[in-house]
file run-v3.csv (CSV, C-alpha atoms and all ligand atoms)
chain,number,residue,atom,x,y,z
A,1,MET,CA,19.3,8.8,26.3
A,2,SER,CA,16.0,8.2,24.4
A,3,LYS,CA,14.0,11.3,23.4
A,4,GLY,CA,11.0,9.3,24.6
A,5,LEU,CA,8.7,6.6,23.4
A,6,ALA,CA,6.9,7.4,20.1
A,7,LEU,CA,3.9,5.3,18.9
A,8,ILE,CA,3.4,5.2,15.2
A,9,THR,CA,0.0,3.8,14.2
A,10,GLY,CA,0.0,2.3,10.7
A,11,GLY,CA,3.8,2.1,11.2
A,12,ALA,CA,4.1,-1.0,9.0
A,13,GLY,CA,2.9,1.0,6.0
A,14,PHE,CA,4.6,3.2,3.5
A,15,ILE,CA,4.9,6.6,5.4
A,16,GLY,CA,5.0,4.9,8.8
A,17,SER,CA,8.0,2.7,8.0
A,18,HIS,CA,10.0,5.8,6.8
A,19,THR,CA,8.8,7.8,9.8
A,20,ALA,CA,10.0,5.1,12.1
A,21,VAL,CA,13.5,5.2,10.6
A,22,GLU,CA,13.6,9.0,11.0
A,23,LEU,CA,12.5,8.9,14.6
A,24,LEU,CA,15.0,6.1,15.5
A,25,ARG,CA,17.7,8.1,13.8
A,26,VAL,CA,17.2,11.2,16.0
A,27,GLY,CA,16.9,9.2,19.2
A,28,TYR,CA,13.3,8.1,19.9
A,29,THR,CA,12.3,4.7,21.0
A,30,VAL,CA,9.7,3.6,18.5
A,31,ARG,CA,6.6,1.4,18.9
A,32,VAL,CA,4.3,0.5,15.9
A,33,LEU,CA,0.6,-0.4,16.1
A,34,ASP,CA,-0.7,-1.9,12.9
A,35,ASN,CA,-3.3,-4.5,12.0
A,36,LEU,CA,-1.3,-5.6,8.9
A,37,SER,CA,-4.4,-5.5,6.8
A,38,PRO,CA,-4.5,-6.6,3.1
A,39,PRO,CA,-4.3,-5.5,0.3
A,40,VAL,CA,-1.3,-3.4,1.6
A,41,HIS,CA,0.0,-6.4,3.5
A,42,ILE,CA,-0.1,-10.0,2.4
A,43,GLY,CA,-2.8,-10.9,4.9
A,44,ASP,CA,-1.0,-13.7,6.8
A,45,GLY,CA,-0.2,-11.5,9.8
A,46,SER,CA,3.5,-11.2,8.9
A,47,TRP,CA,5.3,-7.9,9.3
A,48,PRO,CA,6.8,-6.5,6.2
A,49,ASP,CA,10.6,-6.9,5.7
A,50,TRP,CA,11.0,-3.2,5.2
A,51,LEU,CA,10.1,-2.4,8.8
A,52,SER,CA,13.2,-1.6,10.9
A,53,ALA,CA,14.2,-4.4,13.3
A,54,ASP,CA,14.6,-1.8,16.0
A,55,VAL,CA,10.9,-1.0,16.4
A,56,GLU,CA,8.6,-2.6,19.0
A,57,ARG,CA,5.7,-4.2,17.2
A,58,VAL,CA,2.1,-4.3,18.4
A,59,ALA,CA,-0.4,-6.1,16.2
A,60,GLY,CA,-3.8,-4.4,16.7
A,61,ASP,CA,-6.6,-2.3,15.3
A,62,VAL,CA,-7.3,1.4,15.9
A,63,ARG,CA,-11.0,0.5,16.1
A,64,ASN,CA,-10.3,-1.5,19.2
A,65,ARG,CA,-10.1,0.2,22.6
A,66,GLU,CA,-8.0,-2.5,24.2
A,67,ASP,CA,-5.5,-2.5,21.3
A,68,TRP,CA,-5.1,1.3,21.8
A,69,ALA,CA,-4.7,0.9,25.5
A,70,LYS,CA,-2.0,-1.7,25.1
A,71,ALA,CA,-0.2,0.4,22.4
A,72,LEU,CA,-0.4,3.6,24.4
A,73,ARG,CA,1.2,2.3,27.6
A,74,GLY,CA,4.2,4.5,28.5
A,75,VAL,CA,4.0,6.5,25.3
A,76,ASP,CA,5.2,10.1,25.1
A,77,VAL,CA,4.2,11.1,21.5
A,78,VAL,CA,1.9,9.7,18.9
A,79,ILE,CA,2.0,9.8,15.1
A,80,HIS,CA,-1.4,8.6,13.9
A,81,LEU,CA,-1.1,7.3,10.3
A,82,ALA,CA,-3.3,4.1,10.3
A,83,ALA,CA,-6.2,4.7,8.0
A,84,TYR,CA,-8.6,3.1,5.6
A,85,GLN,CA,-8.0,4.3,2.1
A,86,ASP,CA,-9.8,2.9,-0.8
A,87,LEU,CA,-12.2,3.8,-3.5
A,88,LEU,CA,-14.8,1.2,-2.5
A,89,ARG,CA,-18.4,2.0,-1.5
A,90,ASN,CA,-18.3,0.6,2.1
A,91,PHE,CA,-18.7,4.2,3.3
A,92,SER,CA,-19.0,3.3,7.0
A,93,GLN,CA,-15.6,1.7,7.1
A,94,PHE,CA,-13.8,5.0,6.4
A,95,PHE,CA,-15.5,6.5,9.4
A,96,HIS,CA,-15.0,3.4,11.7
A,97,VAL,CA,-11.3,3.3,11.0
A,98,ASN,CA,-10.4,7.0,10.4
A,99,SER,CA,-12.9,9.0,12.5
A,100,VAL,CA,-13.8,6.6,15.3
A,101,GLY,CA,-10.1,5.4,15.5
A,102,THR,CA,-9.0,9.0,16.1
A,103,ALA,CA,-11.8,9.7,18.6
A,104,LEU,CA,-10.8,6.6,20.6
A,105,LEU,CA,-7.2,7.9,20.8
A,106,TYR,CA,-8.3,11.1,22.4
A,107,GLU,CA,-10.9,9.4,24.5
A,108,LEU,CA,-8.3,7.1,26.0
A,109,ILE,CA,-5.8,9.9,26.6
A,110,VAL,CA,-8.4,11.9,28.5
A,111,ALA,CA,-10.1,9.0,30.3
A,112,GLU,CA,-6.8,7.4,31.5
A,113,LYS,CA,-5.0,10.8,32.0
A,114,LEU,CA,-2.2,9.5,29.8
A,115,PRO,CA,0.9,11.8,29.8
A,116,VAL,CA,1.0,12.0,25.9
A,117,ARG,CA,2.7,15.3,25.1
A,118,LYS,CA,2.0,15.4,21.3
A,119,VAL,CA,-0.3,13.9,18.7
A,120,VAL,CA,0.4,14.3,15.0
A,121,VAL,CA,-2.5,13.2,12.7
A,122,ALA,CA,-2.2,12.4,9.0
A,123,SER,CA,-4.6,14.3,6.8
A,124,SER,CA,-4.6,14.6,3.1
A,125,GLN,CA,-4.6,17.1,0.2
A,126,PHE,CA,-7.9,15.4,-0.7
A,127,VAL,CA,-9.7,17.5,2.0
A,128,TYR,CA,-9.5,20.5,-0.4
A,129,GLY,CA,-11.9,18.9,-2.9
A,130,GLU,CA,-11.7,20.8,-6.2
A,131,GLY,CA,-9.8,23.6,-4.4
A,132,ARG,CA,-9.0,27.2,-5.1
A,133,TYR,CA,-9.3,29.0,-8.4
A,134,GLN,CA,-9.2,32.5,-9.8
A,135,CYS,CA,-12.0,33.9,-12.0
A,136,ALA,CA,-11.2,37.0,-14.0
A,137,LYS,CA,-14.7,38.3,-13.2
A,138,ASP,CA,-15.5,36.9,-9.7
A,139,GLY,CA,-12.0,36.8,-8.1
A,140,GLU,CA,-11.1,33.9,-5.8
A,141,VAL,CA,-13.6,31.0,-6.0
A,142,PHE,CA,-14.0,27.5,-4.6
A,143,PRO,CA,-15.9,25.4,-7.2
A,144,ASP,CA,-17.8,22.2,-6.2
A,145,GLY,CA,-16.7,18.9,-7.7
A,146,ARG,CA,-16.8,18.8,-11.4
A,147,ASP,CA,-20.2,18.3,-13.2
A,148,PRO,CA,-20.5,14.6,-14.3
A,149,GLN,CA,-22.2,15.7,-17.5
A,150,ARG,CA,-19.3,17.9,-18.5
A,151,LEU,CA,-16.8,15.2,-17.7
A,152,ALA,CA,-18.7,12.7,-19.8
A,153,LYS,CA,-18.2,15.1,-22.7
A,154,GLY,CA,-14.5,15.4,-22.1
A,155,LEU,CA,-14.8,19.0,-20.7
A,156,TRP,CA,-12.1,18.7,-18.1
A,157,GLU,CA,-11.7,22.2,-16.7
A,158,PRO,CA,-13.9,23.3,-13.8
A,159,VAL,CA,-15.9,26.5,-14.3
A,160,CYS,CA,-16.6,29.5,-12.1
A,161,PRO,CA,-19.4,28.6,-9.7
A,162,LYS,CA,-20.8,32.1,-10.1
A,163,CYS,CA,-20.5,33.2,-13.8
A,164,ARG,CA,-19.8,29.7,-15.3
A,165,GLY,CA,-16.8,31.2,-17.0
A,166,PRO,CA,-13.2,29.9,-17.2
A,167,ILE,CA,-11.1,29.8,-14.1
A,168,LYS,CA,-7.4,29.3,-13.3
A,169,SER,CA,-6.1,27.1,-10.5
A,170,LEU,CA,-4.4,28.6,-7.5
A,171,PRO,CA,-2.1,27.0,-4.8
A,172,LEU,CA,-4.1,25.4,-2.0
A,173,LEU,CA,-4.1,27.1,1.4
A,174,GLU,CA,-4.7,25.6,4.8
A,175,THR,CA,-7.5,28.1,5.5
A,176,HIS,CA,-9.8,26.2,3.2
A,177,ALA,CA,-11.4,22.7,3.1
A,178,GLY,CA,-14.1,21.2,0.9
A,179,PRO,CA,-14.0,17.4,1.2
A,180,GLU,CA,-16.2,15.7,-1.3
A,181,ASN,CA,-15.9,11.9,-0.8
A,182,GLN,CA,-16.0,9.4,2.0
A,183,TYR,CA,-12.3,9.3,2.3
A,184,SER,CA,-11.7,13.0,2.5
A,185,ILE,CA,-14.6,13.7,4.8
A,186,SER,CA,-13.2,11.1,7.2
A,187,LYS,CA,-9.8,12.6,6.9
A,188,TYR,CA,-11.1,16.1,7.6
A,189,SER,CA,-13.0,14.8,10.6
A,190,GLN,CA,-9.6,13.6,12.0
A,191,GLU,CA,-8.1,17.1,11.5
A,192,LEU,CA,-11.0,18.7,13.2
A,193,MET,CA,-10.7,16.4,16.2
A,194,ALA,CA,-7.0,16.8,16.5
A,195,VAL,CA,-7.3,20.6,16.6
A,196,ALA,CA,-10.5,20.9,18.7
A,197,LEU,CA,-10.2,18.0,21.1
A,198,GLY,CA,-6.5,18.6,21.4
A,199,ARG,CA,-7.1,22.2,22.4
A,200,ASN,CA,-10.1,21.5,24.6
A,201,TYR,CA,-8.2,18.9,26.6
A,202,GLY,CA,-4.7,20.3,26.5
A,203,ILE,CA,-3.2,17.6,24.2
A,204,PRO,CA,-0.9,19.5,21.8
A,205,SER,CA,-1.9,18.2,18.4
A,206,VAL,CA,-1.0,18.9,14.7
A,207,ALA,CA,-2.7,17.8,11.5
A,208,LEU,CA,-0.7,17.4,8.3
A,209,ARG,CA,-2.2,17.5,4.8
A,210,TYR,CA,0.1,15.4,2.7
A,211,SER,CA,0.1,15.8,-1.1
A,212,ILE,CA,0.9,12.7,-3.2
A,213,VAL,CA,3.6,11.0,-1.3
A,214,GLN,CA,6.2,8.9,-3.2
A,215,GLY,CA,9.1,6.6,-2.6
A,216,PRO,CA,9.9,3.0,-1.7
A,217,HIS,CA,7.5,0.8,0.3
A,218,GLN,CA,4.4,2.4,-1.4
A,219,SER,CA,1.9,-0.4,-1.8
A,220,PHE,CA,1.6,-1.8,-5.3
A,221,ARG,CA,-1.2,-4.2,-4.3
A,222,ASN,CA,-4.1,-1.8,-3.6
A,223,ALA,CA,-6.5,-0.1,-6.1
A,224,TYR,CA,-5.9,3.5,-5.0
A,225,SER,CA,-2.1,3.8,-5.3
A,226,GLY,CA,-1.5,6.6,-7.7
A,227,VAL,CA,0.3,7.3,-11.0
A,228,LEU,CA,3.8,6.3,-9.9
A,229,ARG,CA,2.7,2.7,-9.3
A,230,ILE,CA,0.5,2.4,-12.4
A,231,PHE,CA,3.0,4.1,-14.8
A,232,THR,CA,6.0,2.2,-13.4
A,233,LEU,CA,4.4,-1.2,-13.6
A,234,GLN,CA,2.9,-0.5,-17.1
A,235,MET,CA,6.2,0.8,-18.5
A,236,MET,CA,8.2,-2.0,-16.9
A,237,LYS,CA,6.1,-4.4,-19.0
A,238,GLY,CA,6.7,-2.3,-22.2
A,239,ARG,CA,3.1,-0.8,-22.1
A,240,ARG,CA,2.3,2.8,-22.7
A,241,PRO,CA,1.3,4.6,-19.5
A,242,SER,CA,-2.5,5.2,-19.1
A,243,VAL,CA,-3.1,8.9,-18.6
A,244,PHE,CA,-6.5,10.0,-17.6
A,245,GLU,CA,-8.4,13.0,-19.0
A,246,ASP,CA,-5.9,14.9,-21.3
A,247,GLY,CA,-2.9,14.5,-19.0
A,248,GLN,CA,-2.8,18.3,-18.3
A,249,GLN,CA,-4.0,17.9,-14.7
A,250,LEU,CA,-1.5,19.5,-12.2
A,251,ARG,CA,-0.4,17.7,-9.1
A,252,ASP,CA,2.4,18.1,-6.6
A,253,TYR,CA,4.5,15.2,-5.4
A,254,VAL,CA,6.4,14.9,-2.2
A,255,ASN,CA,9.1,12.4,-1.2
A,256,VAL,CA,8.4,10.1,1.6
A,257,GLY,CA,11.7,11.0,3.4
A,258,ASP,CA,10.7,14.7,3.3
A,259,VAL,CA,7.3,13.6,4.8
A,260,ALA,CA,9.0,11.7,7.6
A,261,ARG,CA,11.0,14.9,8.4
A,262,ALA,CA,7.8,16.9,8.4
A,263,ASN,CA,6.2,14.4,10.8
A,264,ARG,CA,9.2,14.8,13.1
A,265,LEU,CA,9.1,18.6,12.9
A,266,ALA,CA,5.4,18.6,13.8
A,267,LEU,CA,6.2,16.4,16.7
A,268,GLU,CA,8.9,18.6,18.1
A,269,SER,CA,7.7,22.1,17.3
A,270,ASP,CA,5.5,23.9,19.9
A,271,ALA,CA,4.7,26.5,17.3
A,272,ALA,CA,2.9,23.8,15.3
A,273,ASN,CA,0.5,23.0,18.1
A,274,TYR,CA,-3.2,23.0,17.1
A,275,GLU,CA,-2.4,24.0,13.5
A,276,VAL,CA,-2.9,22.4,10.1
A,277,PHE,CA,-0.1,22.3,7.6
A,278,ASN,CA,0.3,21.3,3.9
A,279,VAL,CA,3.2,18.9,3.3
A,280,GLY,CA,3.9,19.0,-0.5
A,281,GLY,CA,6.5,19.2,-3.2
A,282,GLY,CA,6.2,22.9,-3.7
A,283,ARG,CA,5.7,22.8,-7.5
A,284,GLY,CA,3.0,21.4,-9.8
A,285,TYR,CA,3.7,18.9,-12.7
A,286,THR,CA,1.2,17.8,-15.3
A,287,VAL,CA,0.5,14.1,-15.4
A,288,VAL,CA,2.1,13.9,-18.9
A,289,GLU,CA,5.3,15.5,-17.5
A,290,PHE,CA,5.3,13.0,-14.7
A,291,ALA,CA,4.8,10.1,-17.1
A,292,ARG,CA,7.9,11.4,-19.0
A,293,ILE,CA,10.0,11.4,-15.8
A,294,VAL,CA,9.0,7.7,-15.1
A,295,GLY,CA,9.8,6.7,-18.7
A,296,GLU,CA,13.2,8.5,-18.6
A,297,THR,CA,14.0,6.8,-15.2
A,298,LEU,CA,13.2,3.4,-16.6
A,299,GLY,CA,15.1,4.1,-19.8
A,300,VAL,CA,12.0,3.5,-22.0
A,301,ASN,CA,10.4,5.7,-24.7
A,302,LEU,CA,6.7,5.1,-24.5
A,303,GLU,CA,4.2,7.8,-25.4
A,304,PRO,CA,1.4,8.3,-22.9
A,305,ASN,CA,-1.9,6.6,-23.8
A,306,ILE,CA,-4.4,9.4,-23.5
A,307,SER,CA,-7.6,7.4,-23.7
A,308,GLY,CA,-10.2,10.0,-22.5
A,309,GLU,CA,-10.9,7.9,-19.4
A,310,TYR,CA,-11.5,9.8,-16.2
A,311,ARG,CA,-11.9,9.0,-12.6
A,312,VAL,CA,-15.2,10.1,-11.1
A,313,GLY,CA,-14.6,12.4,-8.1
A,314,ASP,CA,-11.0,13.3,-9.2
A,315,THR,CA,-9.9,16.9,-8.8
A,316,ARG,CA,-8.6,18.7,-11.9
A,317,HIS,CA,-5.6,20.6,-10.4
A,318,SER,CA,-4.2,20.1,-6.9
A,319,VAL,CA,-1.0,21.9,-5.9
A,320,SER,CA,-0.5,22.8,-2.2
A,321,ASP,CA,1.1,26.0,-1.0
A,322,ILE,CA,3.8,24.9,1.5
A,323,SER,CA,4.8,28.3,2.8
A,324,LYS,CA,3.2,27.7,6.2
A,325,LEU,CA,5.4,24.7,7.0
A,326,GLN,CA,8.4,26.3,5.4
A,327,ARG,CA,8.1,29.1,7.9
A,328,LEU,CA,8.7,26.4,10.6
A,329,GLY,CA,11.9,25.5,8.9
A,330,TRP,CA,10.9,22.6,6.7
A,331,GLN,CA,11.8,22.3,3.0
A,332,PRO,CA,11.3,19.5,0.5
A,333,THR,CA,14.7,18.2,-0.4
A,334,LYS,CA,13.9,15.7,-3.1
A,335,THR,CA,12.3,16.1,-6.5
A,336,PRO,CA,9.8,13.8,-8.1
A,337,ARG,CA,12.7,12.5,-10.3
A,338,ASP,CA,14.5,11.4,-7.0
A,339,SER,CA,11.3,9.7,-5.7
A,340,VAL,CA,10.8,7.8,-9.0
A,341,ARG,CA,14.4,6.6,-9.0
A,342,ASP,CA,14.2,5.4,-5.4
A,343,TYR,CA,10.8,3.7,-6.1
A,344,VAL,CA,12.0,2.0,-9.3
A,345,GLU,CA,15.1,0.7,-7.6
A,346,TRP,CA,12.8,-0.8,-4.8
A,347,ILE,CA,10.1,-2.2,-7.0
A,348,ARG,CA,12.6,-4.0,-9.2
A,349,ARG,CA,13.5,-6.0,-6.1
A,350,GLN,CA,9.8,-6.9,-5.3
A,351,LYS,CA,8.0,-10.1,-6.1
A,352,LEU,CA,5.4,-9.0,-8.6
A,353,ASP,CA,3.3,-12.2,-8.8
A,354,LYS,CA,0.4,-10.5,-10.6
A,355,ASP,CA,-0.5,-7.7,-13.0
A,356,TYR,CA,-1.3,-5.3,-10.2
A,357,ALA,CA,-1.6,-2.2,-12.4
A,358,GLY,CA,-3.9,-3.9,-14.9
A,359,GLU,CA,-6.0,-5.4,-12.1
A,360,ALA,CA,-6.4,-2.0,-10.4
A,361,LEU,CA,-7.6,-0.4,-13.6
A,362,THR,CA,-10.0,-3.2,-14.3
A,363,LYS,CA,-11.4,-3.0,-10.8
A,364,LEU,CA,-11.9,0.8,-11.2
A,365,ARG,CA,-13.7,0.3,-14.5
A,366,GLU,CA,-16.0,-2.4,-13.0
A,367,MET,CA,-16.9,-0.2,-10.0
A,368,GLY,CA,-17.8,2.6,-12.4
A,369,VAL,CA,-15.1,4.9,-10.9
A,370,LEU,CA,-13.1,4.9,-14.2
A,371,ARG,CA,-15.3,6.0,-17.1
A,372,LYS,CA,-14.7,7.0,-20.7
A,373,ALA,CA,-15.8,10.4,-22.1
A,374,THR,CA,-17.6,10.3,-25.4
A,401,LIG,N1,0.5,7.9,0.6
A,401,LIG,C1,0.0,9.1,0.3
A,401,LIG,O1,0.2,9.6,-0.8
A,401,LIG,C2,-0.9,9.8,1.3
A,401,LIG,C3,-1.4,11.1,0.9
A,401,LIG,C4,-2.2,11.8,1.8
A,401,LIG,C5,-2.5,11.3,3.1
A,401,LIG,N2,-2.0,10.0,3.4
A,401,LIG,C6,-2.3,9.5,4.8
A,401,LIG,O2,-1.1,9.1,5.4
A,401,LIG,C7,-1.3,8.0,6.2
A,401,LIG,C8,-0.4,6.8,5.9
A,401,LIG,O3,-0.6,6.4,4.5
A,401,LIG,P1,0.3,5.4,3.8
A,401,LIG,O4,0.4,5.8,2.4
A,401,LIG,O5,1.5,5.1,4.5
A,401,LIG,O6,-0.6,4.1,3.8
A,401,LIG,P2,-0.3,2.6,3.9
A,401,LIG,O7,-1.6,1.9,3.5
A,401,LIG,O8,1.0,2.2,3.3
A,401,LIG,O9,-0.1,2.4,5.5
A,401,LIG,C9,-1.2,2.4,6.4
A,401,LIG,C10,-1.0,1.4,7.4
A,401,LIG,O10,-2.1,1.4,8.3
A,401,LIG,C11,-2.4,0.1,8.7
A,401,LIG,N3,-3.9,0.1,9.0
A,401,LIG,C12,-4.9,0.2,8.2
A,401,LIG,N4,-6.1,0.1,8.9
A,401,LIG,C13,-5.7,-0.1,10.2
A,401,LIG,C14,-6.4,-0.3,11.4
A,401,LIG,N5,-7.8,-0.4,11.4
A,401,LIG,N6,-5.8,-0.5,12.6
A,401,LIG,C15,-4.4,-0.5,12.6
A,401,LIG,N7,-3.7,-0.3,11.5
A,401,LIG,C16,-4.3,-0.1,10.3
A,401,LIG,C17,-2.2,-0.7,7.4
A,401,LIG,O11,-2.0,-2.1,7.7
A,401,LIG,C18,-0.9,0.0,6.9
A,401,LIG,O12,0.3,-0.7,7.4
A,401,LIG,C19,-2.8,7.6,6.1
A,401,LIG,O13,-3.5,8.2,7.2
A,401,LIG,C20,-3.2,8.3,4.8
A,401,LIG,O14,-4.6,8.7,4.8
A,401,LIG,C21,-1.2,9.3,2.6
call {"tool": "encode", "arguments": {"input": "run-v3.csv", "output": "structure tokens"}}
result
Amino acid sequence: MSKGLALITGGAGFIGSHTAVELLRVGYTVRVLDNLSPPVHIGDGSWPDWLSADVERVAGDVRNREDWAKALRGVDVVIHLAAYQDLLRNFSQFFHVNSVGTALLYELIVAEKLPVRKVVVASSQFVYGEGRYQCAKDGEVFPDGRDPQRLAKGLWEPVCPKCRGPIKSLPLLETHAGPENQYSISKYSQELMAVALGRNYGIPSVALRYSIVQGPHQSFRNAYSGVLRIFTLQMMKGRRPSVFEDGQQLRDYVNVGDVARANRLALESDAANYEVFNVGGGRGYTVVEFARIVGETLGVNLEPNISGEYRVGDTRHSVSDISKLQRLGWQPTKTPRDSVRDYVEWIRRQKLDKDYAGEALTKLREMGVLRKAT
């Protein structure tokens, strides 16, 4: 017997396609709502071949009330992953897709008295902004985004917002948020809606702040896909991996299969209701360390190219504390090395008709997002 009908928005994408497999595996019937938008998709309206044949497919847009109404018919639970994610300056689109899309979901559930018993909303580690640090003099501090003048001089580490002295990064805790760009502000608005509207209208809801998610099906066509895509594509062509800043930035990486299990846990655990959880790898790696893992997996020996370039608005260190979700019984089971291996196996089978990594970097330079310190 089915555990119920689960709607996954953005289900044709990276995390959505893995979440569909996980929910099918444990006995849900799965429906996907996706507008199949480029650059993640080819743009001809076709569904990606990585999407399980066992899901029901609804082509539609989360900005459209009728599409939501159609997709929500008979649904028991919703995993809301569809989102606009880019580094472009069309600020309003982030809010139309991410914020208004989420508001429409709650609006319809309330207006139509839909018997949806759980909503899980995808948020992001980006909502932390520069995050949490320790100052020897001032204790725990939350610095604003890094000063562009310091970055232009290659001074990478943030400083204490009070005494301007050196600070040390601390794991990110769900009690804090400090979004600093159009994407993270829109993601934070989705979290706030999930918790507040969910509670106000009795719709059990959970928001999950994913760290950098990795594994097969991660789009190689868009500009924002992170280091795994760039390093893999560069090194597959025998090029040195482009490392921004000095490569000592700390990040945590979580495998997409572990994220799919976190989505299911959030769906099924009453203790998760109206809460926000980090979903991360549990350990920080420097970007140089990560480049080495990609090189070893590909069997190439290419030294990182530390060019002194930096991305405006990037955080210096972001490593999530995952103890809150661990207390619900979730653990990351795969390492970054596992994720890289799975991704490399997958990307080798893809039709790479263009220099996607080179184009992404060029686009970032043209937009003024990628700059060089002097
Ligand atoms: N991948 C990561 O590392 C990461 C990290 C933090 C948070 N997230 C969040 O996780 C979610 C899923 O991300 P992903 O990496 O799988 O992205 P993805 O781009 O692979 O998938 C997103 C899917 O949403 C669909 N979509 C986009 N706009 C839509 C719209 N208006 N209507 C309907 N469908 C639409 C796309 O066609 C795509 O299939 C997003 O909400 C994202 O913000 C991802």
call {"tool": "residues_near_ligand", "arguments": {"input": "run-v3.csv", "ligand": "ligand LIG 401 (chain A)", "cutoff": "6 Å", "atoms": "only C-alpha atoms and all ligand atoms", "output": "ChimeraX atom specification"}}
result
/A:10-16,34-37,40,60-63,81-84,97,122-124,210-213,218-219
call {"tool": "write_last_selection", "arguments": {"input": "run-v3.csv", "atoms": "C-alpha atoms", "output": "PDB file, keeping the file's coordinate frame"}}
result
ATOM      1  CA  GLY A  10       0.000   2.300  10.700  1.00  0.00           C
ATOM      2  CA  GLY A  11       3.800   2.100  11.200  1.00  0.00           C
ATOM      3  CA  ALA A  12       4.100  -1.000   9.000  1.00  0.00           C
ATOM      4  CA  GLY A  13       2.900   1.000   6.000  1.00  0.00           C
ATOM      5  CA  PHE A  14       4.600   3.200   3.500  1.00  0.00           C
ATOM      6  CA  ILE A  15       4.900   6.600   5.400  1.00  0.00           C
ATOM      7  CA  GLY A  16       5.000   4.900   8.800  1.00  0.00           C
ATOM      8  CA  ASP A  34      -0.700  -1.900  12.900  1.00  0.00           C
ATOM      9  CA  ASN A  35      -3.300  -4.500  12.000  1.00  0.00           C
ATOM     10  CA  LEU A  36      -1.300  -5.600   8.900  1.00  0.00           C
ATOM     11  CA  SER A  37      -4.400  -5.500   6.800  1.00  0.00           C
ATOM     12  CA  VAL A  40      -1.300  -3.400   1.600  1.00  0.00           C
ATOM     13  CA  GLY A  60      -3.800  -4.400  16.700  1.00  0.00           C
ATOM     14  CA  ASP A  61      -6.600  -2.300  15.300  1.00  0.00           C
ATOM     15  CA  VAL A  62      -7.300   1.400  15.900  1.00  0.00           C
ATOM     16  CA  ARG A  63     -11.000   0.500  16.100  1.00  0.00           C
ATOM     17  CA  LEU A  81      -1.100   7.300  10.300  1.00  0.00           C
ATOM     18  CA  ALA A  82      -3.300   4.100  10.300  1.00  0.00           C
ATOM     19  CA  ALA A  83      -6.200   4.700   8.000  1.00  0.00           C
ATOM     20  CA  TYR A  84      -8.600   3.100   5.600  1.00  0.00           C
ATOM     21  CA  VAL A  97     -11.300   3.300  11.000  1.00  0.00           C
ATOM     22  CA  ALA A 122      -2.200  12.400   9.000  1.00  0.00           C
ATOM     23  CA  SER A 123      -4.600  14.300   6.800  1.00  0.00           C
ATOM     24  CA  SER A 124      -4.600  14.600   3.100  1.00  0.00           C
ATOM     25  CA  TYR A 210       0.100  15.400   2.700  1.00  0.00           C
ATOM     26  CA  SER A 211       0.100  15.800  -1.100  1.00  0.00           C
ATOM     27  CA  ILE A 212       0.900  12.700  -3.200  1.00  0.00           C
ATOM     28  CA  VAL A 213       3.600  11.000  -1.300  1.00  0.00           C
ATOM     29  CA  GLN A 218       4.400   2.400  -1.400  1.00  0.00           C
ATOM     30  CA  SER A 219       1.900  -0.400  -1.800  1.00  0.00           C
TER      31      SER A 219
END
call {"tool": "residues_around", "arguments": {"input": "run-v3.csv", "residues": "His80 of chain A", "least_positions_apart": "6", "cutoff": "7 Å", "atoms": "all atoms listed in the file", "output": "short mmCIF file (atom, residue, chain, number, x, y, z; two decimals) with C-alpha atoms, in the coordinates of the input"}}
result
data_model
loop_
_atom_site.label_atom_id
_atom_site.label_comp_id
_atom_site.auth_asym_id
_atom_site.auth_seq_id
_atom_site.Cartn_x
_atom_site.Cartn_y
_atom_site.Cartn_z
CA ILE A 8 3.40 5.20 15.20
CA THR A 9 0.00 3.80 14.20
CA VAL A 120 0.40 14.30 15.00
CA VAL A 121 -2.50 13.20 12.70
CA ALA A 122 -2.20 12.40 9.00
#
call {"tool": "atom_distance", "arguments": {"input": "run-v3.csv", "atom1": "atom CA of Tyr356 of chain A", "atom2": "atom CA of His217 of chain A"}}
result
15.0 Å
call {"tool": "residues_around", "arguments": {"input": "run-v3.csv", "residues": "segment 135-143 of chain A", "least_positions_apart": "6", "cutoff": "8 Å", "atoms": "only C-alpha atoms", "output": "mmCIF file with C-alpha atoms, in the frame of the given file"}}
result
data_model
loop_
_atom_site.group_PDB
_atom_site.id
_atom_site.type_symbol
_atom_site.label_atom_id
_atom_site.label_comp_id
_atom_site.auth_asym_id
_atom_site.auth_seq_id
_atom_site.Cartn_x
_atom_site.Cartn_y
_atom_site.Cartn_z
ATOM 1 C CA PRO A 158 -13.900 23.300 -13.800
ATOM 2 C CA VAL A 159 -15.900 26.500 -14.300
ATOM 3 C CA CYS A 160 -16.600 29.500 -12.100
ATOM 4 C CA PRO A 161 -19.400 28.600 -9.700
ATOM 5 C CA LYS A 162 -20.800 32.100 -10.100
ATOM 6 C CA CYS A 163 -20.500 33.200 -13.800
ATOM 7 C CA GLY A 165 -16.800 31.200 -17.000
ATOM 8 C CA PRO A 166 -13.200 29.900 -17.200
ATOM 9 C CA ILE A 167 -11.100 29.800 -14.100
ATOM 10 C CA LYS A 168 -7.400 29.300 -13.300
#
call {"tool": "atom_distance", "arguments": {"input": "run-v3.csv", "atom1": "atom CA of Met367 of chain A", "atom2": "atom CA of Val288 of chain A"}}
result
25.3 Å
call {"tool": "closest_residue", "arguments": {"input": "run-v3.csv", "among": "A:Arg316, A:Arg341, A:Arg199, A:Lys187", "to": "Ser99 of chain A", "atoms": "only C-alpha atoms"}}
result
A:Lys187
call {"tool": "closest_residue", "arguments": {"input": "run-v3.csv", "among": "A:Gly308, A:Gly295, A:Pro115, A:Pro171", "to": "Met236 of chain A", "atoms": "all atoms listed in the file"}}
result
A:Gly295
call {"tool": "closest_residue", "arguments": {"input": "run-v3.csv", "among": "A:Ser46, A:Ser52, A:Asn255, A:Ser242", "to": "Arg31 of chain A", "atoms": "only C-alpha atoms"}}
result
A:Ser52
